[in-house]
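Q: Structure below; questions to follow.
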There are 2 protein chains.
Amino acid sequence: MSVQERKERERADRERLIVATARELAEQQGWDAVTTRRLAERIEYSQPVLYSHFRGKREIIGAVALEGAAEMAAAVRAAAASAADGPRARVTALARAYLDFAARNPAVYDAMFQLDGGLAFAKADTPEPLKDAFAALLETLGEVAGDGVHPGLFTEVFWASLHGLATLTRAGRLPPEHTERRTELLVDRLAML
Amino acid sequence: MSVQERKERERADRERLIVATARELAEQQGWDAVTTRRLAERIEYSQPVLYSHFRGKREIIGAVALEGAAEMAAAVRAAAASAADGPRARVTALARAYLDFAARNPAVYDAMFQLDGGLAFAKADTPEPLKDAFAALLETLGEVAGDGVHPGLFTEVFWASLHGLATLTRAGRLPPEHTERRTELLVDRLAML
DNA sequence: TCGCTTGTCTAGCGATGCTAGGATCGAATT
DNA sequence: AATTCGATCCTAGCATCGCTAGACAAGCGA
């Protein structure tokens, strides 16, 4: 079975290569530049190979989104953990980490929320990384929801606000200079400290 | 000059027809279905005619976005005006009107914020309808910003939160059942009443 | 060494946004 | 009233897109 194992390993490697290359290309030149031809050329295979790993371009975007969700969950947890002194500092750190992730990985953030990656959200068949990313937010935000407010609902609202700030800022809809002040205002008002 | 005037009038009519048809088609079948060919067929002209009015598809999206911005500004102002009893009711009505507009006109909302319509935001050359839509929000939200908080900054944050709720809900990222409770939570926490 | 499965590539389909160049129509002039 | 001429519109086509069929070759087990 050694031959088969080697082949499976090579296949898995190539799949990772596809996702990593798509992400890299999207981050460099935007998702419009991620065509199946260019992607195939970069991984040094022909286009049909892509379709032996993914159903189509959508699934490739979805794979990048899942990768991003895992990273974001880690980034958010790390930020919350590093701010030891009280819930306020934790929430602020979380908000900054979220917006920072979106700003530093715009293409990945697009894959997660802006583009159609064919992923199910808030449903039973939601992929694990997505549920876990939400859980990471919930861990810190749940404790500042306030009395009588459902932690999940509060997290949804806080998340939506962060998402709005992230997208509008990145799309040039909000001037970039007062990002920090907007973040502080949001934390001050939404979180019950 | 009568002949020329008639021609200009016909041109303006046709331009309105293009924008209205694009909007209608997008609202019916999504923006992906709005191709230059289909659009041309619906207005009963050939494709090149579209390019004598707009630089390309982007500009058509932008035109729909501007139309939508004007309508949203009107909807928001009407909602705020109809809620006479105190700032709290005004802000709640505004939030509901905003989210309602986004839910009822998903394609137009996409044109405004999700798609690239080639429009400049938060800059000197921002088109008037966009500035006016923000002004409509500012009129009601400015008075609940709280002491020492810049009204414009507060409006940006509130707007971003509404935008986040609107997009995440519509994209299926948030379960639709608790929309109203989320709205109330947002208003309760953000607005200083 | 042979046959066969598995995997990969070449070539091509329909559809996209956009454009060049010719045809046609109507207004103005003689 | 006939003719010229300019504006207007359409046919046809280009490059590129996502995706797929079918030919081909490589590497396995017998």
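In the structure tokens, each chain is lettered A, B, ... as it comes, each chain's residues begin at 1, and ligands are numbered from 1 in order of appearance.
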Go through chain B and flag each residue having an atom no more than 10 Å from chain D; for those, report the closest pair of atoms plus their distance in Å to one decimal, using only C-alpha atoms (C1' of nucleotides), ordered by chain and rising number, as JSON lines.
A:
{"residue": "B:Tyr45", "atom": "CA", "partner": "D:DC9", "partner_atom": "C1'", "distance": 8.5}
{"residue": "B:Ser46", "atom": "CA", "partner": "D:DC10", "partner_atom": "C1'", "distance": 6.6}
{"residue": "B:Gln47", "atom": "CA", "partner": "D:DC10", "partner_atom": "C1'", "distance": 8.9}
{"residue": "B:Pro48", "atom": "CA", "partner": "D:DC9", "partner_atom": "C1'", "distance": 8.2}
{"residue": "B:Val49", "atom": "CA", "partner": "D:DC9", "partner_atom": "C1'", "distance": 7.4}
Q: Counting only C-alpha atoms (C1' of nucleotides), collect the residues of chain B whose closest atom lies at most 12 Å from chain C, and write them out as a list in words.
A: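 Putting it all together, I get Met1, Ser2, Val3, Gln4, Lys7, Asp32, Ala33, Val34, Thr35, Thr36, Arg37, Arg38, Gln47, Pro48, Val49, Leu50, Tyr51, Ser52, Phe54, Arg55, Gly56, Lys57 and Arg58 of chain B.
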Q: Write out the residues from the selection above, keeping C-alpha atoms, as an mmCIF file, in the first residue's frame.
A:
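Final file, part31.cif:
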data_model
loop_
_atom_site.group_PDB
_atom_site.id
_atom_site.type_symbol
_atom_site.label_atom_id
_atom_site.label_comp_id
_atom_site.auth_asym_id
_atom_site.auth_seq_id
_atom_site.Cartn_x
_atom_site.Cartn_y
_atom_site.Cartn_z
ATOM 1 C CA MET B 1 -32.719 73.779 -32.082
ATOM 2 C CA SER B 2 -35.879 71.725 -31.746
ATOM 3 C CA VAL B 3 -34.559 68.672 -33.518
ATOM 4 C CA GLN B 4 -31.456 68.574 -31.400
ATOM 5 C CA LYS B 7 -32.664 63.926 -29.774
ATOM 6 C CA ASP B 32 -24.593 37.867 -12.650
ATOM 7 C CA ALA B 33 -27.507 37.732 -15.047
ATOM 8 C CA VAL B 34 -26.996 41.352 -16.048
ATOM 9 C CA THR B 35 -24.835 40.839 -19.089
ATOM 10 C CA THR B 36 -24.422 43.434 -21.784
ATOM 11 C CA ARG B 37 -26.152 41.164 -24.262
ATOM 12 C CA ARG B 38 -29.194 40.477 -22.141
ATOM 13 C CA GLN B 47 -24.809 46.189 -27.229
ATOM 14 C CA PRO B 48 -22.677 49.048 -28.557
ATOM 15 C CA VAL B 49 -25.492 51.443 -27.700
ATOM 16 C CA LEU B 50 -24.793 50.782 -24.032
ATOM 17 C CA TYR B 51 -21.248 51.985 -24.547
ATOM 18 C CA SER B 52 -22.415 55.244 -26.038
ATOM 19 C CA PHE B 54 -21.651 54.368 -20.216
ATOM 20 C CA ARG B 55 -17.980 53.499 -20.282
ATOM 21 C CA GLY B 56 -18.819 49.949 -19.408
ATOM 22 C CA LYS B 57 -20.739 47.681 -17.111
ATOM 23 C CA ARG B 58 -19.154 49.249 -14.045
#
Q: Tell me as a list in words which residues belonging to chain B come within 7 Å of chain A, counting only C-alpha atoms.
A: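 In the required form, that comes to Phe121, Ala122, Leu153, Val157, Ala160, Ser161, His163, Gly164, Leu165, Leu168, Gly172, Arg173, Leu174, Pro175, Arg182, Leu186, Arg189 and Leu190 of chain B.
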Q: Could you dump the residues just selected with N, CA and C atoms as a short mmCIF file (atom, residue, chain, number, x, y, z; two decimals), in the first residue's frame?
A:
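Writing the result to selection21.cif gives the following:
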data_model
loop_
_atom_site.label_atom_id
_atom_site.label_comp_id
_atom_site.auth_asym_id
_atom_site.auth_seq_id
_atom_site.Cartn_x
_atom_site.Cartn_y
_atom_site.Cartn_z
N PHE B 121 -15.86 57.39 -2.66
CA PHE B 121 -16.54 57.61 -1.40
C PHE B 121 -15.66 58.44 -0.47
N ALA B 122 -16.32 59.22 0.36
CA ALA B 122 -15.61 59.94 1.41
C ALA B 122 -14.45 60.76 0.84
N LEU B 153 -18.23 60.92 13.22
CA LEU B 153 -17.59 59.65 13.60
C LEU B 153 -18.63 58.66 14.13
N VAL B 157 -19.78 54.91 12.61
CA VAL B 157 -19.80 53.65 13.36
C VAL B 157 -21.19 53.02 13.30
N ALA B 160 -21.78 51.67 9.85
CA ALA B 160 -21.01 50.44 9.63
C ALA B 160 -21.71 49.25 10.30
N SER B 161 -22.24 49.47 11.48
CA SER B 161 -22.93 48.38 12.18
C SER B 161 -24.16 47.94 11.42
N HIS B 163 -24.66 48.33 8.27
CA HIS B 163 -24.17 47.69 7.04
C HIS B 163 -23.75 46.25 7.31
N GLY B 164 -23.07 46.05 8.40
CA GLY B 164 -22.67 44.69 8.76
C GLY B 164 -23.87 43.78 8.95
N LEU B 165 -24.85 44.25 9.68
CA LEU B 165 -26.06 43.45 9.89
C LEU B 165 -26.74 43.16 8.55
N LEU B 168 -24.44 40.64 6.35
CA LEU B 168 -24.31 39.31 6.91
C LEU B 168 -25.65 38.58 6.93
N GLY B 172 -26.74 35.16 4.41
CA GLY B 172 -26.99 33.93 5.13
C GLY B 172 -25.98 33.67 6.24
N ARG B 173 -25.16 34.67 6.54
CA ARG B 173 -24.17 34.51 7.60
C ARG B 173 -24.81 34.65 8.98
N LEU B 174 -25.92 35.34 9.05
CA LEU B 174 -26.64 35.46 10.32
C LEU B 174 -28.03 34.86 10.13
N PRO B 175 -28.49 34.09 11.10
CA PRO B 175 -29.85 33.54 11.00
C PRO B 175 -30.86 34.67 10.99
N ARG B 182 -31.71 42.03 17.26
CA ARG B 182 -30.37 42.56 17.02
C ARG B 182 -30.43 44.07 16.80
N LEU B 186 -28.61 46.93 19.12
CA LEU B 186 -27.68 47.90 18.54
C LEU B 186 -28.08 49.33 18.91
N ARG B 189 -27.58 50.13 22.70
CA ARG B 189 -26.20 50.29 23.17
C ARG B 189 -25.50 51.48 22.53
N LEU B 190 -25.67 51.64 21.22
CA LEU B 190 -24.88 52.67 20.54
C LEU B 190 -25.38 54.09 20.81
#
Q: Find the residues around Ala135 in chain B up to 10 Å (only C-alpha atoms (C1' of nucleotides) counted), leave out those fewer than 4 positions away in its own chain, and share them as an mmCIF file with N, CA and C atoms, in the first residue's frame.
A:
data_model
loop_
_atom_site.group_PDB
_atom_site.id
_atom_site.type_symbol
_atom_site.label_atom_id
_atom_site.label_comp_id
_atom_site.auth_asym_id
_atom_site.auth_seq_id
_atom_site.Cartn_x
_atom_site.Cartn_y
_atom_site.Cartn_z
ATOM 1 N N ALA B 73 -31.806 57.585 0.995
ATOM 2 C CA ALA B 73 -31.822 58.839 1.753
ATOM 3 C C ALA B 73 -33.259 59.266 2.028
ATOM 4 N N ARG B 77 -35.049 59.442 5.733
ATOM 5 C CA ARG B 77 -35.611 60.716 6.213
ATOM 6 C C ARG B 77 -37.091 60.564 6.530
ATOM 7 N N PRO B 129 -25.508 62.300 -4.475
ATOM 8 C CA PRO B 129 -26.464 61.401 -3.796
ATOM 9 C C PRO B 129 -25.831 60.612 -2.660
ATOM 10 N N LEU B 130 -24.566 60.241 -2.804
ATOM 11 C CA LEU B 130 -23.913 59.482 -1.753
ATOM 12 C C LEU B 130 -23.684 60.352 -0.527
ATOM 13 N N LYS B 131 -23.195 61.552 -0.766
ATOM 14 C CA LYS B 131 -22.990 62.468 0.352
ATOM 15 C C LYS B 131 -24.311 62.761 1.045
ATOM 16 N N GLU B 139 -28.295 63.436 10.140
ATOM 17 C CA GLU B 139 -29.328 64.313 10.698
ATOM 18 C C GLU B 139 -29.970 63.718 11.946
ATOM 19 N N THR B 140 -30.267 62.439 11.880
ATOM 20 C CA THR B 140 -30.918 61.791 13.027
ATOM 21 C C THR B 140 -29.912 61.271 14.044
ATOM 22 N N LEU B 141 -28.820 60.702 13.535
ATOM 23 C CA LEU B 141 -27.865 60.052 14.442
ATOM 24 C C LEU B 141 -26.978 61.061 15.160
ATOM 25 N N GLY B 142 -26.783 62.206 14.544
ATOM 26 C CA GLY B 142 -25.891 63.202 15.136
ATOM 27 C C GLY B 142 -26.330 63.642 16.525
ATOM 28 N N GLY B 152 -20.076 63.020 13.201
ATOM 29 C CA GLY B 152 -19.728 62.315 11.974
ATOM 30 C C GLY B 152 -19.120 60.954 12.265
ATOM 31 N N THR B 155 -21.794 58.612 13.463
ATOM 32 C CA THR B 155 -22.628 58.164 12.343
ATOM 33 C C THR B 155 -21.923 57.093 11.527
#
Q: Enumerate as a PyMOL selection string all residues of range 23-146 of chain B assigned to helix (DSSP H, G or I) by DSSP on the backbone, naming them with the chain letters and numbers the document uses.
A: chain B and resi 23-29+31-33+36-43+47-53+57-82+86-104+106-114+128-144
